[in-house]
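*Asks:* This is work-v8.tsv (TSV, C-alpha atoms).
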chain	number	residue	atom	x	y	z
T	27	MET	CA	98.00	-109.48	-110.30
T	28	ASP	CA	95.60	-106.65	-111.14
T	29	THR	CA	92.74	-107.48	-108.78
T	30	MET	CA	92.24	-107.88	-105.04
T	31	LEU	CA	89.58	-108.82	-102.50
T	32	ALA	CA	87.72	-106.02	-100.73
T	33	GLY	CA	84.76	-105.81	-98.36
T	34	ARG	CA	82.37	-103.59	-100.33
T	35	PHE	CA	79.17	-101.95	-99.09
T	36	HIS	CA	76.64	-100.88	-101.72
T	37	LEU	CA	74.87	-97.79	-100.41
T	38	ASP	CA	71.87	-98.06	-102.74
T	39	SER	CA	70.98	-101.70	-102.07
T	40	ARG	CA	72.53	-101.78	-98.56
T	41	LYS	CA	74.28	-105.04	-99.42
T	42	PHE	CA	77.74	-106.02	-98.16
T	43	ALA	CA	80.00	-108.56	-99.83
T	44	VAL	CA	83.67	-109.40	-100.18
T	45	GLU	CA	84.28	-108.88	-103.88
T	46	GLU	CA	87.11	-108.98	-106.40
T	47	VAL	CA	87.94	-105.46	-107.55
T	48	PRO	CA	90.86	-103.73	-109.34
T	49	ILE	CA	93.85	-102.82	-107.20
T	50	PRO	CA	93.76	-99.01	-106.90
T	51	VAL	CA	96.56	-96.88	-108.28
T	52	PRO	CA	97.94	-94.02	-106.14
T	53	GLY	CA	97.63	-90.55	-107.60
T	54	PRO	CA	99.56	-87.37	-106.74
T	55	GLY	CA	100.24	-87.12	-103.03
T	56	GLU	CA	99.02	-90.68	-102.40
T	57	VAL	CA	100.53	-94.06	-101.55
T	58	LEU	CA	99.31	-97.63	-101.97
T	59	ILE	CA	99.26	-99.63	-98.72
T	60	GLU	CA	99.42	-103.41	-98.55
T	61	VAL	CA	97.00	-104.07	-95.69
T	62	LYS	CA	98.21	-106.36	-92.91
T	63	ALA	CA	95.42	-105.91	-90.35
T	64	ALA	CA	92.05	-104.14	-90.14
T	65	GLY	CA	89.84	-103.74	-87.08
T	66	VAL	CA	86.11	-104.37	-86.96
T	67	CYS	CA	84.39	-101.47	-85.19
T	68	LEU	CA	80.84	-100.89	-84.01
T	69	SER	CA	80.72	-97.96	-86.45
T	70	ASP	CA	81.18	-100.51	-89.24
T	71	VAL	CA	78.19	-102.43	-87.88
T	72	HIS	CA	76.15	-99.22	-87.74
T	73	LEU	CA	77.08	-98.45	-91.35
T	74	LEU	CA	75.92	-101.85	-92.55
T	75	ASP	CA	72.70	-101.83	-90.51
T	76	GLY	CA	71.74	-98.37	-91.73
T	77	SER	CA	71.94	-96.45	-88.46
T	78	LEU	CA	75.06	-94.61	-89.65
T	79	VAL	CA	74.61	-92.76	-92.94
T	80	PRO	CA	77.62	-91.34	-94.83
T	81	LEU	CA	77.41	-87.55	-95.00
T	82	PHE	CA	80.06	-87.04	-97.67
T	83	ALA	CA	80.11	-90.30	-99.65
T	84	THR	CA	82.24	-90.05	-102.77
T	85	SER	CA	80.59	-92.98	-104.60
T	86	ASP	CA	77.66	-95.42	-104.41
T	87	THR	CA	79.92	-98.22	-103.16
T	88	VAL	CA	82.57	-98.03	-100.47
T	89	THR	CA	85.21	-100.38	-99.12
T	90	VAL	CA	84.55	-100.59	-95.38
T	91	GLY	CA	87.18	-100.26	-92.65
T	92	HIS	CA	88.78	-97.32	-90.83
T	93	GLU	CA	91.17	-99.15	-88.46
T	94	VAL	CA	94.05	-100.18	-90.70
T	95	SER	CA	97.75	-100.96	-90.62
T	96	GLY	CA	100.11	-102.26	-93.26
T	97	VAL	CA	103.17	-101.60	-95.37
T	98	ILE	CA	103.72	-98.92	-98.00
T	99	HIS	CA	103.72	-100.82	-101.30
T	100	THR	CA	103.75	-98.19	-104.07
T	101	LEU	CA	104.49	-94.47	-104.05
T	102	GLY	CA	102.39	-92.06	-106.06
T	103	PRO	CA	103.86	-88.95	-107.72
T	104	ASP	CA	104.50	-85.59	-106.09
T	105	LEU	CA	105.00	-86.81	-102.53
T	106	LYS	CA	106.24	-84.28	-99.99
T	107	ARG	CA	107.02	-86.35	-96.89
T	108	GLY	CA	109.87	-88.54	-98.08
T	109	LEU	CA	107.96	-91.77	-97.51
T	110	THR	CA	109.57	-95.00	-98.75
T	111	ALA	CA	108.23	-98.35	-99.89
T	112	GLY	CA	108.38	-101.02	-97.20
T	113	THR	CA	107.67	-98.64	-94.30
T	114	ARG	CA	105.34	-100.11	-91.67
T	115	VAL	CA	102.41	-97.75	-91.02
T	116	ALA	CA	99.10	-97.18	-89.32
T	117	LEU	CA	96.48	-95.08	-91.10
T	118	GLU	CA	94.47	-92.24	-89.64
T	119	ALA	CA	90.77	-93.06	-89.52
T	120	GLY	CA	89.79	-89.98	-91.49
T	121	LYS	CA	90.96	-86.99	-93.45
T	122	THR	CA	89.92	-83.40	-93.98
T	123	CYS	CA	88.33	-82.45	-97.27
T	124	GLY	CA	91.18	-79.99	-97.88
T	125	THR	CA	89.01	-77.35	-99.51
T	126	CYS	CA	89.26	-74.58	-96.92
T	127	ALA	CA	91.96	-72.92	-94.87
T	128	GLY	CA	90.65	-74.49	-91.67
T	129	CYS	CA	91.00	-77.98	-93.14
T	130	VAL	CA	94.47	-77.30	-94.47
T	131	ARG	CA	95.45	-76.50	-90.88
T	132	ARG	CA	93.90	-79.86	-89.94
T	133	ARG	CA	91.33	-78.40	-87.60
T	134	PRO	CA	87.95	-80.13	-87.15
T	135	CYS	CA	85.28	-78.96	-89.56
T	136	THR	CA	81.94	-80.12	-90.89
T	137	GLN	CA	83.62	-82.04	-93.71
T	138	MET	CA	85.92	-84.40	-91.85
T	139	LEU	CA	85.73	-87.49	-94.04
T	140	THR	CA	85.86	-90.97	-92.48
T	141	ALA	CA	87.67	-93.88	-94.11
T	142	GLY	CA	85.43	-96.83	-94.88
T	143	ILE	CA	82.34	-94.62	-94.67
T	144	ASP	CA	82.83	-91.57	-96.87
T	145	TYR	CA	85.65	-93.02	-98.98
T	146	ASP	CA	87.34	-96.41	-99.46
T	147	GLY	CA	88.81	-97.92	-96.33
T	148	GLY	CA	90.97	-100.90	-95.51
T	149	TRP	CA	88.88	-104.07	-95.46
T	150	ALA	CA	90.91	-105.02	-98.51
T	151	GLU	CA	94.24	-106.40	-99.62
T	152	TYR	CA	95.37	-102.92	-100.69
T	153	VAL	CA	94.17	-99.37	-100.06
T	154	VAL	CA	95.19	-95.98	-101.49
T	155	VAL	CA	95.58	-93.21	-98.93
T	156	ARG	CA	96.67	-89.60	-98.85
T	157	GLU	CA	100.26	-89.28	-97.65
T	158	ASP	CA	99.36	-86.99	-94.74
T	159	THR	CA	97.20	-89.74	-93.18
T	160	VAL	CA	100.12	-92.18	-92.88
T	161	ILE	CA	101.69	-92.74	-89.43
T	162	PRO	CA	104.95	-94.75	-89.41
T	163	ILE	CA	105.07	-97.43	-86.69
T	164	PRO	CA	108.08	-99.16	-85.11
T	165	ASP	CA	108.97	-102.79	-85.81
T	166	SER	CA	108.13	-103.60	-82.19
T	167	LEU	CA	104.45	-102.70	-82.65
T	168	PRO	CA	102.44	-105.62	-84.11
T	169	PHE	CA	100.15	-104.82	-87.02
T	170	ASP	CA	96.99	-105.94	-85.23
T	171	GLN	CA	97.63	-103.62	-82.30
T	172	ALA	CA	98.64	-100.74	-84.58
T	173	ALA	CA	95.44	-101.11	-86.60
T	174	ILE	CA	93.11	-100.37	-83.69
T	175	ILE	CA	94.95	-97.26	-82.48
T	176	PRO	CA	93.35	-94.82	-84.99
T	177	ASP	CA	89.85	-95.31	-83.53
T	178	ALA	CA	89.32	-97.83	-80.74
T	179	VAL	CA	92.18	-96.28	-78.77
T	180	SER	CA	92.59	-92.75	-80.13
T	181	THR	CA	88.89	-91.88	-79.76
T	182	PRO	CA	88.78	-92.43	-75.98
T	183	TYR	CA	92.33	-91.07	-75.64
T	184	ALA	CA	91.30	-87.77	-77.23
T	185	ALA	CA	88.13	-87.78	-75.11
T	186	VAL	CA	90.08	-88.31	-71.87
T	187	VAL	CA	93.05	-85.99	-72.42
T	188	GLY	CA	91.48	-83.48	-74.81
T	189	THR	CA	87.71	-83.04	-74.53
T	190	ALA	CA	87.57	-83.83	-70.80
T	191	GLY	CA	91.11	-82.96	-69.77
T	192	VAL	CA	91.08	-85.48	-66.93
T	193	ARG	CA	93.62	-84.77	-64.20
T	194	PRO	CA	95.07	-87.15	-61.59
T	195	ALA	CA	92.71	-88.01	-58.70
T	196	GLN	CA	89.57	-86.90	-60.58
T	197	SER	CA	86.75	-89.44	-60.58
T	198	VAL	CA	85.65	-91.02	-63.85
T	199	GLY	CA	82.70	-93.19	-64.85
T	200	VAL	CA	82.66	-95.14	-68.11
T	201	TRP	CA	79.35	-96.44	-69.45
T	202	GLY	CA	79.66	-99.28	-71.98
T	203	VAL	CA	82.89	-101.27	-71.70
T	204	GLY	CA	83.13	-102.55	-75.26
T	205	GLY	CA	85.83	-101.79	-77.81
T	206	VAL	CA	85.96	-98.06	-77.05
T	207	GLY	CA	84.90	-98.14	-73.41
T	208	ALA	CA	87.48	-100.72	-72.40
T	209	HIS	CA	90.21	-98.44	-73.70
T	210	ASN	CA	88.56	-95.45	-72.04
T	211	VAL	CA	89.05	-97.26	-68.73
T	212	ARG	CA	92.70	-98.02	-69.49
T	213	LEU	CA	93.47	-94.48	-70.58
T	214	ALA	CA	91.74	-92.94	-67.57
T	215	ARG	CA	93.97	-95.15	-65.46
T	216	LEU	CA	97.01	-94.04	-67.47
T	217	VAL	CA	96.40	-90.37	-66.66
T	218	GLY	CA	95.80	-91.06	-62.96
T	219	ALA	CA	92.01	-90.84	-62.61
T	220	ALA	CA	90.67	-92.14	-59.30
T	221	PRO	CA	88.32	-93.75	-58.70
T	222	ILE	CA	87.38	-95.24	-62.07
T	223	ILE	CA	83.88	-96.71	-62.18
T	224	ALA	CA	82.93	-98.93	-65.11
T	225	VAL	CA	79.24	-99.42	-65.85
T	226	ASP	CA	77.95	-102.24	-68.07
T	227	PRO	CA	74.98	-104.66	-67.97
T	228	LEU	CA	77.16	-107.59	-69.05
T	229	PRO	CA	78.99	-109.43	-66.24
T	230	GLY	CA	81.83	-110.36	-68.59
T	231	ALA	CA	82.33	-106.73	-69.58
T	232	ARG	CA	82.43	-105.69	-65.92
T	233	GLU	CA	85.06	-108.33	-65.17
T	234	ARG	CA	87.12	-107.11	-68.12
T	235	ALA	CA	86.84	-103.53	-66.90
T	236	LEU	CA	88.36	-104.50	-63.57
T	237	ALA	CA	91.19	-106.29	-65.37
T	238	PHE	CA	91.74	-103.15	-67.48
T	239	GLY	CA	92.12	-100.91	-64.43
T	240	ALA	CA	88.67	-99.95	-63.15
T	241	ASP	CA	88.35	-99.63	-59.38
T	242	HIS	CA	84.65	-100.55	-59.43
T	243	ALA	CA	82.42	-102.26	-61.99
T	244	LEU	CA	78.69	-101.69	-61.56
T	245	ASP	CA	75.49	-103.02	-63.07
T	246	PRO	CA	73.43	-100.03	-64.30
T	247	ALA	CA	70.22	-101.90	-63.41
T	248	ALA	CA	71.15	-102.26	-59.73
T	249	PRO	CA	68.43	-100.63	-57.59
T	250	ASP	CA	71.07	-98.95	-55.43
T	251	PHE	CA	73.23	-97.84	-58.38
T	252	ALA	CA	73.33	-94.14	-57.44
T	253	ASP	CA	74.19	-95.03	-53.85
T	254	GLN	CA	77.09	-97.19	-55.05
T	255	VAL	CA	78.48	-94.29	-57.08
T	256	ARG	CA	78.15	-91.90	-54.15
T	257	GLU	CA	79.91	-94.35	-51.85
T	258	ALA	CA	82.74	-94.96	-54.35
T	259	THR	CA	83.30	-91.21	-54.77
T	260	GLY	CA	83.09	-90.28	-51.10
T	261	GLY	CA	79.70	-88.65	-51.64
T	262	ARG	CA	81.02	-86.17	-54.22
T	263	GLY	CA	79.69	-87.74	-57.41
T	264	LEU	CA	81.65	-88.08	-60.63
T	265	ASP	CA	83.90	-85.43	-62.12
T	266	PHE	CA	83.48	-87.00	-65.58
T	267	ALA	CA	81.01	-89.50	-67.01
T	268	PHE	CA	81.91	-90.97	-70.41
T	269	ASP	CA	79.04	-92.36	-72.46
T	270	CYS	CA	80.75	-94.92	-74.69
T	271	ALA	CA	77.49	-96.69	-75.52
T	272	GLY	CA	75.58	-93.96	-77.36
T	273	VAL	CA	72.35	-94.83	-75.57
T	274	PRO	CA	69.87	-92.15	-74.36
T	275	ALA	CA	69.13	-94.01	-71.11
T	276	VAL	CA	72.86	-94.11	-70.38
T	277	ARG	CA	73.12	-90.35	-70.75
T	278	ASP	CA	70.32	-89.71	-68.29
T	279	GLN	CA	71.80	-92.07	-65.73
T	280	ALA	CA	75.33	-90.74	-66.17
T	281	ALA	CA	74.24	-87.12	-65.85
T	282	SER	CA	72.33	-87.88	-62.67
T	283	VAL	CA	75.43	-89.06	-60.78
T	284	LEU	CA	77.72	-86.18	-61.74
T	285	GLY	CA	79.04	-84.05	-58.91
T	286	MET	CA	79.52	-80.29	-58.69
T	287	GLY	CA	80.87	-79.02	-62.01
T	288	GLY	CA	80.88	-82.55	-63.45
T	289	SER	CA	80.83	-83.16	-67.20
T	290	LEU	CA	79.07	-85.75	-69.33
T	291	ILE	CA	81.29	-86.61	-72.31
T	292	LEU	CA	79.41	-88.04	-75.30
T	293	VAL	CA	81.82	-90.51	-76.91
T	294	GLY	CA	79.35	-93.06	-78.26
T	295	ILE	CA	77.30	-91.93	-81.24
T	296	THR	CA	73.57	-92.25	-81.85
T	297	PRO	CA	71.12	-90.59	-84.27
T	298	LYS	CA	68.62	-90.20	-81.41
T	299	PRO	CA	68.03	-86.78	-79.83
T	300	LEU	CA	70.03	-85.73	-76.80
T	301	THR	CA	67.77	-85.26	-73.78
T	302	ILE	CA	68.62	-84.67	-70.13
T	303	ALA	CA	65.78	-85.54	-67.77
T	304	GLU	CA	67.35	-83.86	-64.76
T	305	GLY	CA	65.94	-80.46	-63.83
T	306	LEU	CA	67.08	-77.78	-61.40
T	307	THR	CA	69.93	-79.77	-59.87
T	308	PHE	CA	71.68	-79.86	-63.26
T	309	ASN	CA	71.87	-76.06	-63.11
T	310	TYR	CA	72.53	-75.87	-59.38
T	311	LEU	CA	75.50	-78.24	-59.59
T	312	GLN	CA	76.75	-76.49	-62.74
T	313	LYS	CA	76.97	-79.68	-64.75
T	314	GLN	CA	78.03	-79.73	-68.40
T	315	VAL	CA	77.56	-81.84	-71.51
T	316	ARG	CA	80.37	-82.03	-74.07
T	317	GLY	CA	80.21	-83.67	-77.46
T	318	HIS	CA	83.17	-85.70	-78.71
T	319	TYR	CA	83.94	-87.33	-82.04
T	320	GLY	CA	86.86	-89.53	-82.99
T	321	GLY	CA	90.54	-88.98	-82.37
T	322	SER	CA	93.07	-86.64	-83.93
T	323	PRO	CA	96.33	-87.00	-85.89
T	324	GLU	CA	98.21	-85.97	-82.76
T	325	SER	CA	96.50	-88.60	-80.62
T	326	VAL	CA	97.42	-91.40	-83.04
T	327	SER	CA	101.08	-90.36	-83.10
T	328	GLU	CA	101.17	-89.99	-79.32
T	329	LEU	CA	99.62	-93.43	-78.80
T	330	VAL	CA	102.14	-95.02	-81.17
T	331	ARG	CA	104.90	-93.51	-79.03
T	332	LEU	CA	103.24	-94.64	-75.80
T	333	THR	CA	102.92	-98.23	-77.01
T	334	ALA	CA	106.49	-98.22	-78.34
T	335	ALA	CA	107.68	-96.98	-74.93
T	336	GLY	CA	105.87	-99.77	-73.13
T	337	ARG	CA	103.35	-97.48	-71.41
T	338	LEU	CA	100.38	-99.14	-73.11
T	339	ASP	CA	100.09	-102.82	-74.02
T	340	LEU	CA	97.27	-103.38	-76.51
T	341	ALA	CA	97.71	-107.15	-76.83
T	342	PRO	CA	94.79	-107.85	-74.42
T	343	SER	CA	92.52	-105.84	-76.71
T	344	ILE	CA	92.82	-108.28	-79.63
T	345	THR	CA	90.03	-110.84	-79.30
T	346	ASP	CA	90.51	-112.81	-82.52
T	347	HIS	CA	91.96	-112.80	-86.04
T	348	ILE	CA	89.55	-113.51	-88.91
T	349	PRO	CA	90.26	-113.93	-92.64
T	350	LEU	CA	89.09	-111.02	-94.78
T	351	VAL	CA	86.82	-113.34	-96.77
T	352	ASP	CA	84.85	-113.94	-93.56
T	353	ALA	CA	84.27	-110.24	-92.86
T	354	ALA	CA	80.49	-110.70	-92.73
T	355	ASP	CA	80.91	-113.28	-89.97
T	356	ALA	CA	83.11	-110.86	-88.03
T	357	VAL	CA	80.42	-108.18	-88.29
T	358	SER	CA	77.83	-110.65	-87.02
T	359	ARG	CA	80.03	-111.63	-84.08
T	360	LEU	CA	80.46	-108.00	-83.04
T	361	GLU	CA	76.82	-107.09	-83.60
T	362	ASN	CA	75.64	-110.01	-81.46
T	363	LYS	CA	78.53	-109.66	-78.98
T	364	THR	CA	79.42	-113.30	-79.55
T	365	GLY	CA	82.27	-114.02	-77.16
T	366	ASP	CA	82.06	-110.42	-75.86
T	367	PRO	CA	84.80	-109.16	-78.22
T	368	ILE	CA	86.91	-106.06	-77.68
T	369	ARG	CA	88.41	-105.95	-81.17
T	370	LEU	CA	88.19	-108.49	-83.98
T	371	ILE	CA	90.95	-108.20	-86.60
T	372	LEU	CA	90.50	-108.95	-90.30
T	373	VAL	CA	93.59	-110.36	-91.98
T	374	PRO	CA	93.78	-110.25	-95.82
Please, can you express the file's structure as structure tokens?
*Replies:*
Amino acid sequence: MDTMLAGRFHLDSRKFAVEEVPIPVPGPGEVLIEVKAAGVCLSDVHLLDGSLVPLFATSDTVTVGHEVSGVIHTLGPDLKRGLTAGTRVALEAGKTCGTCAGCVRRRPCTQMLTAGIDYDGGWAEYVVVREDTVIPIPDSLPFDQAAIIPDAVSTPYAAVVGTAGVRPAQSVGVWGVGGVGAHNVRLARLVGAAPIIAVDPLPGARERALAFGADHALDPAAPDFADQVREATGGRGLDFAFDCAGVPAVRDQAASVLGMGGSLILVGITPKPLTIAEGLTFNYLQKQVRGHYGGSPESVSELVRLTAAGRLDLAPSITDHIPLVDAADAVSRLENKTGDPIRLILVP
């Protein structure tokens, strides 16, 4: 067999289709992965609807998908890590361009390339990846759960433990309890945050947040919303507010209920300008705004170890399994929040 199915997005015509394409061949330092599971992320929806534009696209057509797990199928030449065929793996959601010393040291830079956006991702039967983006996973970790770690879980994990540095007993608010926000709640709970306040307009999402470890779940449209936050935090306000929705109105509301020295962490992405409506009190209370983007190689490896050790069960995060050929339907379900999904999984 020389061909495979892949979910391809044509950047010029903005058309998406599952097409038959040649199976890629790994080059030096690369391996071919037989895909077993691939997550459907809101970033994928944003790519297809045009609100997310690739900054470093390597071609006019890209295979979508940055949450991927599978098995090493074929080894390319000149590998350095001692990888072997048959190894179960998760794939990092991005890679550095590798053209400068900073990137070689794997530090963030302006040319961090994202799988399924800037280069071919894993909505396919096979995908070629650079060997340094491969994370071996234990036999005990199911492929569907492993697939979502590199973004849906590692993004809020890095936001909680890295960008924010949440400590036990600090108060946390999470706006938008979808695929990323639900895990933000769970990870805040894991590090000992208290109280954890989830904020979402959807009743089902608020119920899920409570099941995932939130102490309170609030409707942002409630007329006494700010009073509820003050009561839940003993009048102090929030230490950290995580915007997992990427909505300007969310950022204004979240900033307004921060306490002394509190930080607004921007996890959700939006092309719209960042504005803070609050005036003098923002300065007086010494509030901060911190940008955040994605996870890190270290966060993916750490999360694999945490799940393997039984500290984090991701089974409740898997909403449904969908055949790869029906990828467009999966995108529609997520875009329209049909069934209020956390993560939909494409299966080749």
*Asks:* Could you tell me how far atom CA of T:Leu213 sits from atom CA of T:Ser325, in Å to one decimal place?
*Replies:*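 Computed distance, atom CA of T:Ser325 to atom CA of T:Leu213, equals 12.0 Å.
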*Asks:* Atom CA of T:Leu306 to atom CA of T:Asp269: how many Å, to one decimal?
*Replies:* 21.9 Å
*Asks:* At a cut-off of 9 Å, can you tabulate as a tab-separated table every residue of stretch 37-116 of chain T near stretch 153-169 of chain T together with its closest atom pair and the distance in Å to one decimal, using all atoms listed in the file and ordering rows by chain then number?
*Replies:*
residue	atom	partner	partner_atom	distance
T:Ile49	CA	T:Val153	CA	7.9
T:Pro50	CA	T:Val154	CA	6.4
T:Val51	CA	T:Val154	CA	7.0
T:Pro52	CA	T:Val154	CA	5.7
T:Gly53	CA	T:Val154	CA	8.5
T:Pro54	CA	T:Arg156	CA	8.7
T:Gly55	CA	T:Glu157	CA	5.8
T:Glu56	CA	T:Arg156	CA	4.4
T:Val57	CA	T:Val155	CA	5.7
T:Leu58	CA	T:Val154	CA	4.5
T:Ile59	CA	T:Val153	CA	5.3
T:Glu60	CA	T:Val153	CA	6.8
T:Val61	CA	T:Val153	CA	7.0
T:Lys62	CA	T:Phe169	CA	6.4
T:Ala63	CA	T:Phe169	CA	5.9
T:Ala64	CA	T:Phe169	CA	8.7
T:Val94	CA	T:Phe169	CA	8.5
T:Ser95	CA	T:Phe169	CA	5.8
T:Gly96	CA	T:Phe169	CA	6.7
T:Leu105	CA	T:Glu157	CA	7.2
T:Lys106	CA	T:Glu157	CA	8.1
T:Arg107	CA	T:Glu157	CA	7.4
T:Leu109	CA	T:Glu157	CA	8.1
T:Thr113	CA	T:Pro162	CA	6.8
T:Arg114	CA	T:Ile163	CA	5.7
T:Val115	CA	T:Pro162	CA	4.2
T:Ala116	CA	T:Ile161	CA	5.1
*Asks:* Convert the current residue selection to file output with C-alpha atoms, as a PDB file, in the coordinates of the input.
*Replies:*
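The result, written out as again-v5.pdb:
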ATOM      1  CA  ILE T  49      93.850-102.820-107.200  1.00  0.00           C
ATOM      2  CA  PRO T  50      93.760 -99.010-106.900  1.00  0.00           C
ATOM      3  CA  VAL T  51      96.560 -96.880-108.280  1.00  0.00           C
ATOM      4  CA  PRO T  52      97.940 -94.020-106.140  1.00  0.00           C
ATOM      5  CA  GLY T  53      97.630 -90.550-107.600  1.00  0.00           C
ATOM      6  CA  PRO T  54      99.560 -87.370-106.740  1.00  0.00           C
ATOM      7  CA  GLY T  55     100.240 -87.120-103.030  1.00  0.00           C
ATOM      8  CA  GLU T  56      99.020 -90.680-102.400  1.00  0.00           C
ATOM      9  CA  VAL T  57     100.530 -94.060-101.550  1.00  0.00           C
ATOM     10  CA  LEU T  58      99.310 -97.630-101.970  1.00  0.00           C
ATOM     11  CA  ILE T  59      99.260 -99.630 -98.720  1.00  0.00           C
ATOM     12  CA  GLU T  60      99.420-103.410 -98.550  1.00  0.00           C
ATOM     13  CA  VAL T  61      97.000-104.070 -95.690  1.00  0.00           C
ATOM     14  CA  LYS T  62      98.210-106.360 -92.910  1.00  0.00           C
ATOM     15  CA  ALA T  63      95.420-105.910 -90.350  1.00  0.00           C
ATOM     16  CA  ALA T  64      92.050-104.140 -90.140  1.00  0.00           C
ATOM     17  CA  VAL T  94      94.050-100.180 -90.700  1.00  0.00           C
ATOM     18  CA  SER T  95      97.750-100.960 -90.620  1.00  0.00           C
ATOM     19  CA  GLY T  96     100.110-102.260 -93.260  1.00  0.00           C
ATOM     20  CA  LEU T 105     105.000 -86.810-102.530  1.00  0.00           C
ATOM     21  CA  LYS T 106     106.240 -84.280 -99.990  1.00  0.00           C
ATOM     22  CA  ARG T 107     107.020 -86.350 -96.890  1.00  0.00           C
ATOM     23  CA  LEU T 109     107.960 -91.770 -97.510  1.00  0.00           C
ATOM     24  CA  THR T 113     107.670 -98.640 -94.300  1.00  0.00           C
ATOM     25  CA  ARG T 114     105.340-100.110 -91.670  1.00  0.00           C
ATOM     26  CA  VAL T 115     102.410 -97.750 -91.020  1.00  0.00           C
ATOM     27  CA  ALA T 116      99.100 -97.180 -89.320  1.00  0.00           C
TER      28      ALA T 116
END
*Asks:* Give the answer as one residue: which of T:Ala214, T:Leu329, T:Val90, T:Val293 has the shortest atom-to-atom distance to T:Val187, using all atoms listed in the file?
*Replies:* T:Ala214
*Asks:* With all atoms listed in the file as the basis for distance, which of T:Ala356, T:Val330, T:Leu101, T:Ile223 is at the shortest distance from T:Leu244?
*Replies:*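 Ranked by minimum distance to T:Leu244, first place goes to T:Ile223.
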*Asks:* Have a look at atom CA of T:Ala240 and atom CA of T:Val217 and let me know their distance in Å, one decimal.
*Replies:* 12.8 Å
*Asks:* Excluding stretch 144-148 of chain T and its own-chain neighbours fewer than 6 positions away, which residues fall within 6 Å of it when counting all atoms listed in the file? Please give them as a list in words.
*Replies:*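 Counting only the stated atoms, we get Pro80, Phe82, Ala83, Thr84, Val88, Thr89, Val90, Gly91, His92 and Val94 of chain T.
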*Asks:* For stretch 208-212 of chain T in the structure I just supplied, write out all heavy atoms - as a PDB file, in the first residue's frame.
*Replies:*
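As written to disk, selection35.pdb reads:
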ATOM      1  N   ALA T 208     -11.490  22.492  31.159  1.00  0.00           N
ATOM      2  CA  ALA T 208     -11.808  21.380  32.047  1.00  0.00           C
ATOM      3  C   ALA T 208     -10.543  20.788  32.651  1.00  0.00           C
ATOM      4  O   ALA T 208     -10.504  20.445  33.842  1.00  0.00           O
ATOM      5  CB  ALA T 208     -12.585  20.302  31.281  1.00  0.00           C
ATOM      6  N   HIS T 209      -9.493  20.698  31.840  1.00  0.00           N
ATOM      7  CA  HIS T 209      -8.229  20.187  32.354  1.00  0.00           C
ATOM      8  C   HIS T 209      -7.531  21.225  33.239  1.00  0.00           C
ATOM      9  O   HIS T 209      -6.816  20.856  34.177  1.00  0.00           O
ATOM     10  CB  HIS T 209      -7.323  19.758  31.194  1.00  0.00           C
ATOM     11  CG  HIS T 209      -7.866  18.588  30.434  1.00  0.00           C
ATOM     12  ND1 HIS T 209      -8.346  18.688  29.158  1.00  0.00           N
ATOM     13  CD2 HIS T 209      -8.041  17.293  30.802  1.00  0.00           C
ATOM     14  CE1 HIS T 209      -8.779  17.508  28.755  1.00  0.00           C
ATOM     15  NE2 HIS T 209      -8.614  16.644  29.739  1.00  0.00           N
ATOM     16  N   ASN T 210      -7.750  22.498  32.951  1.00  0.00           N
ATOM     17  CA  ASN T 210      -7.199  23.533  33.826  1.00  0.00           C
ATOM     18  C   ASN T 210      -7.750  23.378  35.239  1.00  0.00           C
ATOM     19  O   ASN T 210      -7.011  23.503  36.226  1.00  0.00           O
ATOM     20  CB  ASN T 210      -7.555  24.916  33.266  1.00  0.00           C
ATOM     21  CG  ASN T 210      -6.634  26.009  33.769  1.00  0.00           C
ATOM     22  OD1 ASN T 210      -6.407  26.157  34.960  1.00  0.00           O
ATOM     23  ND2 ASN T 210      -6.115  26.792  32.863  1.00  0.00           N
ATOM     24  N   VAL T 211      -9.037  23.081  35.341  1.00  0.00           N
ATOM     25  CA  VAL T 211      -9.646  22.835  36.649  1.00  0.00           C
ATOM     26  C   VAL T 211      -9.000  21.632  37.328  1.00  0.00           C
ATOM     27  O   VAL T 211      -8.609  21.687  38.504  1.00  0.00           O
ATOM     28  CB  VAL T 211     -11.166  22.611  36.500  1.00  0.00           C
ATOM     29  CG1 VAL T 211     -11.765  22.063  37.797  1.00  0.00           C
ATOM     30  CG2 VAL T 211     -11.869  23.896  36.094  1.00  0.00           C
ATOM     31  N   ARG T 212      -8.857  20.540  36.604  1.00  0.00           N
ATOM     32  CA  ARG T 212      -8.294  19.316  37.184  1.00  0.00           C
ATOM     33  C   ARG T 212      -6.857  19.518  37.646  1.00  0.00           C
ATOM     34  O   ARG T 212      -6.458  19.030  38.706  1.00  0.00           O
ATOM     35  CB  ARG T 212      -8.338  18.168  36.170  1.00  0.00           C
ATOM     36  CG  ARG T 212      -9.743  17.728  35.810  1.00  0.00           C
ATOM     37  CD  ARG T 212      -9.732  16.401  35.076  1.00  0.00           C
ATOM     38  NE  ARG T 212      -9.286  15.325  35.965  1.00  0.00           N
ATOM     39  CZ  ARG T 212      -9.090  14.074  35.561  1.00  0.00           C
ATOM     40  NH1 ARG T 212      -9.273  13.763  34.295  1.00  0.00           N
ATOM     41  NH2 ARG T 212      -8.696  13.156  36.403  1.00  0.00           N
TER      42      ARG T 212
END
